[in-house]
>>> print(open('start.txt').read())   # compact mmCIF, C-alpha atoms and all ligand atoms
# COMPACT_ATOMS: atom_id res chain seq x y z
CA VAL A 1 48.46 -181.70 -101.91
CA ASN A 2 47.45 -180.07 -105.17
CA GLU A 3 48.53 -176.48 -104.65
CA GLN A 4 46.46 -174.54 -107.14
CA ILE A 5 48.42 -172.74 -109.81
CA CYS A 6 47.96 -168.96 -109.88
CA VAL A 7 48.87 -166.18 -112.26
CA ASP A 8 52.09 -165.40 -110.35
CA ASP A 9 53.28 -168.97 -110.96
CA LEU A 10 52.58 -168.59 -114.68
CA ASN A 11 54.34 -165.21 -114.86
CA ALA A 12 57.37 -166.55 -112.97
CA SER A 13 57.60 -169.55 -115.33
CA PHE A 14 57.21 -167.36 -118.42
CA SER A 15 59.72 -164.66 -117.45
CA GLY A 16 62.79 -164.26 -119.67
CA ASP A 17 63.51 -163.26 -123.25
CA VAL A 18 60.38 -164.63 -124.89
CA TYR A 19 57.55 -163.09 -122.84
CA GLY A 20 59.55 -160.30 -121.15
CA GLU A 21 61.48 -160.12 -117.89
CA ALA A 22 58.31 -159.72 -115.85
CA PRO A 23 55.20 -160.82 -117.76
CA SER A 24 52.20 -158.86 -116.55
CA ASN A 25 49.28 -161.21 -116.99
CA ASP A 26 46.86 -160.42 -114.17
CA SER A 27 44.56 -162.64 -112.16
CA ALA A 28 41.44 -161.54 -114.10
CA TRP A 29 43.14 -162.55 -117.36
CA PHE A 30 44.20 -165.85 -115.80
CA ARG A 31 40.67 -166.68 -114.59
CA GLU A 32 39.32 -165.96 -118.07
CA HIS A 33 42.03 -168.05 -119.70
CA VAL A 34 41.10 -170.99 -117.46
CA ALA A 35 37.33 -170.61 -117.89
CA ARG A 36 37.24 -169.88 -121.62
CA ASN A 37 39.64 -172.60 -122.65
CA ASP A 38 38.57 -175.40 -120.31
CA VAL A 39 41.90 -175.40 -118.48
CA ASP A 40 41.65 -178.04 -115.76
CA LEU A 41 43.68 -176.80 -112.80
CA ALA A 42 43.25 -180.11 -110.98
CA ARG A 43 45.03 -181.86 -113.84
CA SER A 44 47.59 -179.12 -114.40
CA ARG A 45 50.94 -179.18 -112.59
CA ARG A 46 53.05 -176.92 -110.44
CA TRP A 47 56.56 -178.21 -109.67
CA THR A 48 58.94 -177.14 -106.93
CA VAL A 49 62.60 -177.74 -106.12
CA ASP A 50 63.36 -177.53 -102.38
CA GLY A 51 60.08 -175.71 -101.87
CA ALA A 52 60.71 -173.08 -104.58
CA LEU A 53 58.47 -172.90 -107.66
CA SER A 54 60.38 -174.42 -110.60
CA GLY A 55 57.76 -174.77 -113.35
CA ILE A 56 54.14 -175.12 -114.37
CA ALA A 57 52.01 -176.84 -117.00
CA LEU A 58 48.39 -175.87 -117.73
CA LEU A 59 46.36 -178.65 -119.33
CA ALA A 60 42.92 -178.23 -120.87
CA PHE A 61 40.57 -180.99 -122.01
CA ARG A 62 37.76 -181.21 -124.59
CA GLY A 63 36.38 -184.63 -125.40
CA ASP A 64 39.36 -186.86 -126.05
CA ARG A 65 41.68 -183.98 -126.89
CA ALA A 66 44.02 -182.10 -124.58
CA TRP A 67 45.70 -178.69 -125.01
CA LEU A 68 48.83 -177.36 -123.39
CA GLY A 69 47.71 -173.85 -122.46
CA GLY A 70 50.85 -172.73 -120.65
CA PHE A 71 54.19 -174.36 -119.93
CA GLY A 72 57.43 -173.00 -118.53
CA VAL A 73 60.37 -173.51 -116.23
CA VAL A 74 61.42 -170.69 -113.87
CA PRO A 75 64.62 -169.07 -115.31
CA GLU A 76 67.00 -170.11 -112.51
CA PHE A 77 66.07 -173.76 -113.08
CA ARG A 78 66.41 -173.78 -116.87
CA GLY A 79 69.07 -175.65 -118.83
CA ARG A 80 69.23 -178.69 -116.59
CA GLY A 81 66.71 -181.01 -118.19
CA LEU A 82 63.70 -180.11 -116.02
CA ALA A 83 61.47 -179.08 -118.94
CA ARG A 84 62.07 -182.39 -120.65
CA ARG A 85 61.03 -184.21 -117.45
CA TYR A 86 58.05 -181.93 -116.78
CA LEU A 87 56.80 -182.28 -120.36
CA ALA A 88 56.92 -186.08 -120.07
CA GLU A 89 54.95 -185.90 -116.80
CA THR A 90 52.41 -183.59 -118.43
CA LEU A 91 51.91 -185.98 -121.35
CA ALA A 92 51.48 -188.84 -118.86
CA ILE A 93 48.71 -186.89 -117.08
CA ALA A 94 46.99 -186.27 -120.43
CA ARG A 95 47.27 -189.94 -121.39
CA ASP A 96 45.99 -191.10 -117.98
CA SER A 97 43.03 -188.73 -118.43
CA GLY A 98 42.09 -190.55 -121.63
CA ALA A 99 43.32 -187.93 -124.08
CA ALA A 100 44.15 -189.20 -127.56
CA SER A 101 46.25 -186.16 -128.43
CA VAL A 102 47.77 -182.99 -127.01
CA GLU A 103 47.99 -179.81 -129.07
CA LEU A 104 49.65 -176.46 -128.46
CA GLU A 105 50.70 -173.18 -130.05
CA VAL A 106 54.20 -171.80 -129.61
CA LEU A 107 55.66 -168.50 -130.83
CA ALA A 108 57.58 -169.18 -134.04
CA HIS A 109 60.68 -167.42 -132.65
CA ASN A 110 60.70 -169.46 -129.42
CA ALA A 111 63.46 -171.81 -130.56
CA ALA A 112 64.08 -173.38 -127.15
CA ALA A 113 60.45 -174.36 -126.67
CA ILE A 114 60.10 -175.65 -130.25
CA ALA A 115 63.22 -177.83 -129.78
CA LEU A 116 61.81 -179.09 -126.48
CA TYR A 117 58.44 -180.01 -128.01
CA GLU A 118 60.03 -181.65 -131.07
CA GLY A 119 62.28 -183.65 -128.74
CA GLY A 120 59.14 -184.69 -126.83
CA GLY A 121 57.51 -186.05 -129.99
CA PHE A 122 55.31 -183.14 -131.10
CA THR A 123 55.08 -182.44 -134.82
CA HIS A 124 54.45 -179.20 -136.66
CA ILE A 125 50.88 -179.17 -138.00
CA GLY A 126 50.55 -175.59 -139.24
CA ASP A 127 51.33 -171.93 -138.80
CA LEU A 128 49.13 -169.20 -137.39
CA VAL A 129 49.40 -165.44 -137.76
CA VAL A 130 48.52 -162.89 -135.08
CA TRP A 131 47.02 -159.86 -136.88
CA THR A 132 46.52 -156.39 -135.51
CA ARG A 133 44.99 -153.14 -136.79
CA ALA A 134 45.85 -149.88 -135.03
CA PRO A 135 43.02 -147.39 -134.31
CA LEU A 136 42.15 -145.38 -137.44
CA ALA A 137 40.40 -142.47 -135.77
CA VAL A 138 39.65 -141.31 -132.26
CA ASP A 139 37.32 -138.52 -131.28
CA VAL A 140 39.93 -136.65 -129.23
CA GLU A 141 37.43 -134.04 -127.96
CA SER A 142 35.15 -136.45 -126.23
CA GLY A 143 37.34 -139.55 -126.14
CA GLU A 144 34.13 -141.28 -127.20
CA HIS A 145 33.61 -144.24 -129.39
CA VAL A 146 33.26 -142.87 -132.93
CA GLY A 147 32.19 -146.03 -134.74
CA GLU A 148 28.68 -147.08 -135.64
CA GLY A 149 28.63 -149.41 -132.68
CA GLY A 150 26.51 -152.46 -132.46
CA GLU A 151 24.65 -154.59 -130.01
CA LEU A 152 26.26 -156.90 -127.55
CA HIS A 153 24.65 -160.27 -126.97
CA SER A 154 25.42 -163.44 -125.16
CA TYR A 155 26.00 -166.15 -127.78
CA ASP A 156 26.01 -169.74 -126.61
CA VAL A 157 28.07 -172.55 -128.13
CA ALA A 158 25.26 -173.55 -130.52
CA ALA A 159 24.86 -169.96 -131.78
CA VAL A 160 28.59 -169.66 -132.44
CA THR A 161 28.81 -173.12 -134.01
CA ALA A 162 25.98 -172.22 -136.41
CA ILE A 163 28.14 -169.69 -138.25
CA ALA A 164 31.72 -170.43 -137.21
CA ARG A 165 34.24 -171.92 -139.59
CA THR A 166 34.96 -175.63 -139.34
CA PRO A 167 37.44 -176.73 -138.27
CA ALA A 168 38.36 -173.87 -135.95
CA THR A 169 41.88 -172.56 -136.50
CA CYS A 170 43.01 -173.60 -133.01
CA TRP A 171 41.81 -174.41 -129.48
CA GLN A 172 41.32 -170.79 -128.39
CA ARG A 173 39.11 -170.09 -131.39
CA GLU A 174 36.83 -173.10 -131.03
CA PRO A 175 33.14 -172.25 -130.42
CA ARG A 176 33.43 -173.11 -126.71
CA SER A 177 36.12 -170.46 -126.26
CA VAL A 178 34.37 -167.88 -128.44
CA ALA A 179 30.98 -168.35 -126.74
CA ALA A 180 32.56 -168.13 -123.30
CA ALA A 181 33.92 -164.69 -124.24
CA SER A 182 30.33 -163.31 -124.43
CA PRO A 183 28.93 -160.68 -124.49
CA LEU A 184 29.90 -160.27 -128.13
CA GLU A 185 28.92 -158.16 -131.09
CA ARG A 186 28.35 -160.09 -134.30
CA ILE A 187 28.77 -158.98 -137.89
CA VAL A 188 27.59 -161.17 -140.76
CA VAL A 189 28.37 -160.20 -144.34
CA GLY A 190 26.87 -161.44 -147.61
CA ASP A 191 24.67 -163.93 -145.88
CA GLY A 192 23.41 -165.61 -149.03
CA GLU A 193 23.04 -162.33 -150.90
CA GLY A 194 24.27 -161.74 -154.43
CA GLY A 195 26.01 -165.07 -154.71
CA ALA A 196 28.37 -164.19 -151.86
CA ARG A 197 28.63 -167.04 -149.42
CA GLY A 198 29.50 -164.94 -146.47
CA ALA A 199 31.86 -163.87 -143.76
CA TYR A 200 31.40 -163.28 -140.05
CA ALA A 201 33.08 -161.76 -137.04
CA PHE A 202 32.42 -162.10 -133.33
CA MET A 203 33.80 -159.04 -131.58
CA ARG A 204 34.77 -158.91 -127.96
CA TYR A 205 35.28 -155.47 -126.42
CA ALA A 206 38.06 -155.57 -123.83
CA HIS A 207 39.79 -152.46 -122.47
CA ASP A 208 40.96 -150.37 -125.43
CA ARG A 209 40.79 -153.14 -127.96
CA VAL A 210 38.47 -155.51 -129.76
CA SER A 211 39.43 -159.17 -130.11
CA LEU A 212 37.92 -160.99 -133.03
CA ASP A 213 36.98 -164.40 -134.14
CA ALA A 214 36.23 -164.29 -137.85
CA GLY A 215 35.96 -166.35 -140.97
CA ALA A 216 35.16 -165.91 -144.66
CA ARG A 217 34.12 -168.30 -147.38
CA ASP A 218 35.11 -166.11 -150.33
CA SER A 219 37.36 -163.15 -150.97
CA ALA A 220 34.64 -160.58 -151.73
CA SER A 221 32.96 -161.30 -148.38
CA ALA A 222 36.31 -161.23 -146.58
CA ALA A 223 37.13 -157.81 -148.05
CA ALA A 224 33.63 -156.51 -147.21
CA LEU A 225 33.99 -157.75 -143.63
CA LEU A 226 37.18 -155.72 -143.13
CA VAL A 227 35.46 -152.60 -144.51
CA ARG A 228 32.57 -153.16 -142.07
CA LEU A 229 34.99 -153.56 -139.17
CA ASP A 230 36.70 -150.25 -140.01
CA ALA A 231 33.31 -148.51 -140.03
CA ARG A 232 32.19 -150.17 -136.83
CA VAL A 233 35.29 -149.70 -134.68
CA PRO A 234 37.61 -147.11 -136.19
CA ASP A 235 38.76 -145.94 -132.77
CA ARG A 236 40.05 -149.11 -131.21
CA LYS A 237 42.85 -151.50 -131.80
CA LEU A 238 41.66 -154.73 -133.43
CA MET A 239 43.27 -158.10 -132.81
CA LEU A 240 42.74 -161.32 -134.72
CA ILE A 241 44.84 -164.06 -133.22
CA ASN A 242 45.80 -167.36 -134.79
CA GLU A 243 44.68 -167.02 -138.39
CA PRO A 244 46.17 -169.49 -140.89
CA PRO A 245 48.50 -167.85 -143.46
CA TYR A 246 46.26 -168.75 -146.40
CA GLY A 247 42.62 -168.54 -147.46
CA PRO A 248 40.23 -165.68 -148.27
CA LEU A 249 40.45 -163.95 -144.89
CA HIS A 250 44.26 -164.08 -144.89
CA ASP A 251 44.39 -162.67 -148.42
CA ALA A 252 41.98 -159.88 -147.51
CA LEU A 253 44.02 -158.97 -144.41
CA VAL A 254 47.17 -158.72 -146.54
CA ALA A 255 45.40 -156.47 -149.05
CA HIS A 256 43.41 -154.25 -146.65
CA PRO A 257 45.21 -151.12 -145.39
CA GLY A 258 45.95 -150.90 -141.68
CA TRP A 259 46.30 -154.56 -140.85
CA SER A 260 49.72 -155.98 -140.02
CA GLU A 261 51.21 -159.23 -138.92
CA MET A 262 52.31 -158.92 -135.28
CA THR A 263 53.81 -162.36 -134.85
CA ARG A 264 53.48 -165.97 -135.92
CA GLN A 265 52.80 -169.08 -133.96
CA ARG A 266 53.50 -172.69 -134.74
CA ARG A 267 50.80 -175.26 -134.12
CA MET A 268 52.06 -178.59 -132.82
CA ARG A 269 50.42 -181.85 -131.84
CA ILE A 270 51.30 -185.25 -130.46
CA ALA A 271 49.19 -188.39 -130.72
CA LEU A 272 49.06 -190.32 -127.46
CA ARG A 273 47.55 -193.50 -128.83
C1 LIG A 301 61.42 -173.62 -123.14
C2 LIG A 301 61.76 -173.95 -121.69
C3 LIG A 301 60.54 -174.59 -121.05
C4 LIG A 301 62.94 -174.93 -121.64
O1 LIG A 301 63.17 -175.25 -120.27
P1 LIG A 301 64.54 -175.93 -119.78
O2 LIG A 301 64.29 -176.52 -118.43
O3 LIG A 301 65.65 -174.98 -119.92
O4 LIG A 301 64.74 -177.09 -120.86
P2 LIG A 301 65.59 -178.44 -120.64
O5 LIG A 301 66.86 -178.11 -119.94
O6 LIG A 301 64.74 -179.50 -120.06
O7 LIG A 301 65.91 -178.79 -122.16
C5 LIG A 301 65.04 -179.62 -122.89
C6 LIG A 301 65.19 -179.33 -124.37
O8 LIG A 301 64.68 -178.04 -124.65
C7 LIG A 301 65.44 -177.47 -125.71
N1 LIG A 301 66.11 -176.26 -125.20
C8 LIG A 301 66.12 -175.79 -123.95
N2 LIG A 301 66.78 -174.64 -123.88
C9 LIG A 301 67.18 -174.35 -125.14
C10 LIG A 301 67.89 -173.26 -125.72
N3 LIG A 301 68.32 -172.22 -125.00
N4 LIG A 301 68.09 -173.29 -127.05
C11 LIG A 301 67.64 -174.33 -127.80
N5 LIG A 301 67.00 -175.39 -127.28
C12 LIG A 301 66.77 -175.39 -125.98
C13 LIG A 301 66.46 -178.51 -126.13
O9 LIG A 301 65.86 -179.29 -127.13
C14 LIG A 301 66.60 -179.31 -124.87
O10 LIG A 301 67.01 -180.61 -125.13
P3 LIG A 301 68.61 -180.95 -125.19
O11 LIG A 301 69.13 -180.55 -123.85
O12 LIG A 301 68.61 -182.40 -125.45
O13 LIG A 301 69.17 -180.12 -126.29
C15 LIG A 301 62.18 -172.69 -120.91
O14 LIG A 301 63.17 -172.00 -121.64
C16 LIG A 301 61.05 -171.72 -120.60
O15 LIG A 301 60.31 -171.91 -119.64
N6 LIG A 301 60.89 -170.64 -121.39
C17 LIG A 301 59.92 -169.59 -121.14
C18 LIG A 301 58.49 -170.08 -121.23
C19 LIG A 301 58.20 -170.66 -122.58
O16 LIG A 301 58.70 -170.21 -123.58
N7 LIG A 301 57.33 -171.68 -122.60
C20 LIG A 301 56.82 -172.27 -123.80
C21 LIG A 301 55.53 -171.60 -124.15
S1 LIG A 301 54.72 -172.39 -125.51
>>> encode(input="start.txt", output="structure tokens")
Amino acid sequence: VNEQICVDDLNASFSGDVYGEAPSNDSAWFREHVARNDVDLARSRRWTVDGALSGIALLAFRGDRAWLGGFGVVPEFRGRGLARRYLAETLAIARDSGAASVELEVLAHNAAAIALYEGGGFTHIGDLVVWTRAPLAVDVESGEHVGEGGELHSYDVAAVTAIARTPATCWQREPRSVAAASPLERIVVGDGEGGARGAYAFMRYAHDRVSLDAGARDSASAAALLVRLDARVPDRKLMLINEPPYGPLHDALVAHPGWSEMTRQRRMRIALR
């Protein structure tokens, strides 16, 4: 019986010092995570010990690549070698599914998980920064959006691929994930004008914040993009997850007021053949 994994299983497996005593991901978030990132619940795992949930692994597939999009052991079962066993089973599922590699991102301060993955054969392939910008201005009278605003459209994979950076910085920022987050607002800067080669952002409005996918080919365009974002959405929190700690966009984020590094992730990968 393949008991389908649900958000409560993920929260139970994530609880503890890294993600908080009681992580509060909700079922809407979980459904989006699965749909946007091609998580395959039929090839993901939910383990039990004497009928009690002991751990989960979420596996996603794209072509011949796999991604570990969630992995954890329930706190009372930690420290007895279960994660090592569950990780090996997860890699076996990926291999049996024809995957040539498995990739993942792990918080840079999650020493236990990093040691686990290194022990399982994963290697460090890069670092990623999670950037955030607090709201600059809110119209307190009306509580209304005070930015210029823009139009929301549904962008398909081809439309995202046409302007997105290559390679994407990580699984969750590949065109399939970005397009699946539609409707989106798009900003394009210096598109061939004045020698600038351009920068872009896809903006997803969610609750009180805007999540971005963005890229820049030169520093002038990167700086101009951040100015445009401030004008467009001064009243909401901005989030740019998983940006490499180098390149024109990184340098512009360091230099532009308001942006700060929230946390860092480590990218890891294992070749299966
Ligand atoms: C990381 C996690 C999965 C480890 O589970 P576990 O069942 O306790 O791990 P195991 O007992 O199988 O240990 C396997 C290896 O993990 C590493 N590890 C586990 N706990 C550790 C700790 N507290 N400190 C350092 N390394 C640790 C070690 O390398 C260990 O191998 P060793 O025993 O040969 O030293 C578990 O702590 C967890 O679920 N954490 C919360 C969710 C999470 O962070 N998931 C990863 C998201 S990317």
>>> residues_around(input="start.txt", residues="Ser182 in chain A", least_positions_apart="4", cutoff="10 Å", atoms="all atoms listed in the file", output="list of chain:residue names")
A:Arg36, A:Leu152, A:His153, A:Ser154, A:Tyr155, A:Asp156, A:Ser177, A:Val178, A:Phe202, A:Met203, A:Arg204, A:Tyr205
>>> closest_residue(input="start.txt", among="A:Ala181, A:Ala164, A:Asn11, A:Arg173", to="Tyr200 in chain A", atoms="only C-alpha atoms")
A:Ala164
>>> residues_near_point(input="start.txt", point="(49.4, -178.4, -127.4)", cutoff="9 Å", atoms="all atoms listed in the file", output="PyMOL selection string")
chain A and resi 59+66-70+101-106+122+171+267-270
>>> closest_atom_pairs(input="start.txt", of="chain A", to="ligand LIG 301 (chain A)", cutoff="7 Å", atoms="only C-alpha atoms and all ligand atoms", output="Markdown table")
| residue | atom | partner | partner_atom | distance |
| --- | --- | --- | --- | --- |
| A:Ser13 | CA | A:LIG301 | O15 | 5.6 |
| A:Phe14 | CA | A:LIG301 | C18 | 4.1 |
| A:Ser15 | CA | A:LIG301 | C17 | 6.2 |
| A:Gly16 | CA | A:LIG301 | C17 | 6.2 |
| A:Val18 | CA | A:LIG301 | O16 | 6.0 |
| A:Gly70 | CA | A:LIG301 | C21 | 6.0 |
| A:Phe71 | CA | A:LIG301 | N7 | 4.9 |
| A:Gly72 | CA | A:LIG301 | O15 | 3.3 |
| A:Val73 | CA | A:LIG301 | O15 | 3.8 |
| A:Val74 | CA | A:LIG301 | O15 | 6.0 |
| A:Pro75 | CA | A:LIG301 | O15 | 6.7 |
| A:Phe77 | CA | A:LIG301 | O2 | 6.3 |
| A:Arg78 | CA | A:LIG301 | O3 | 3.4 |
| A:Gly79 | CA | A:LIG301 | O5 | 3.5 |
| A:Arg80 | CA | A:LIG301 | O5 | 4.1 |
| A:Gly81 | CA | A:LIG301 | O6 | 3.1 |
| A:Leu82 | CA | A:LIG301 | O6 | 4.2 |
| A:Ala83 | CA | A:LIG301 | O6 | 3.5 |
| A:Arg84 | CA | A:LIG301 | O6 | 4.0 |
| A:Arg85 | CA | A:LIG301 | O6 | 6.5 |
| A:Glu105 | CA | A:LIG301 | S1 | 6.1 |
| A:Val106 | CA | A:LIG301 | S1 | 4.2 |
| A:Leu107 | CA | A:LIG301 | S1 | 6.7 |
| A:Asn110 | CA | A:LIG301 | O16 | 6.2 |
| A:Ala111 | CA | A:LIG301 | C11 | 5.6 |
| A:Ala112 | CA | A:LIG301 | N5 | 3.5 |
| A:Ala113 | CA | A:LIG301 | C1 | 3.7 |
| A:Ala115 | CA | A:LIG301 | O9 | 4.0 |
| A:Leu116 | CA | A:LIG301 | O8 | 3.6 |
| A:Gly119 | CA | A:LIG301 | O9 | 5.9 |
>>> closest_residue(input="start.txt", among="A:Ala94, A:Val227, A:Leu240, A:Ile114", to="Arg65 in chain A", atoms="only C-alpha atoms")
A:Ala94
>>> axis_aligned_box(input="start.txt", around="range 29-32 of chain A", padding_each_side="3 Å", output="lines of an AutoDock Vina configuration file")
center_x = 41.8
center_y = -164.6
center_z = -116.3
size_x = 10.9
size_y = 10.1
size_z = 9.5
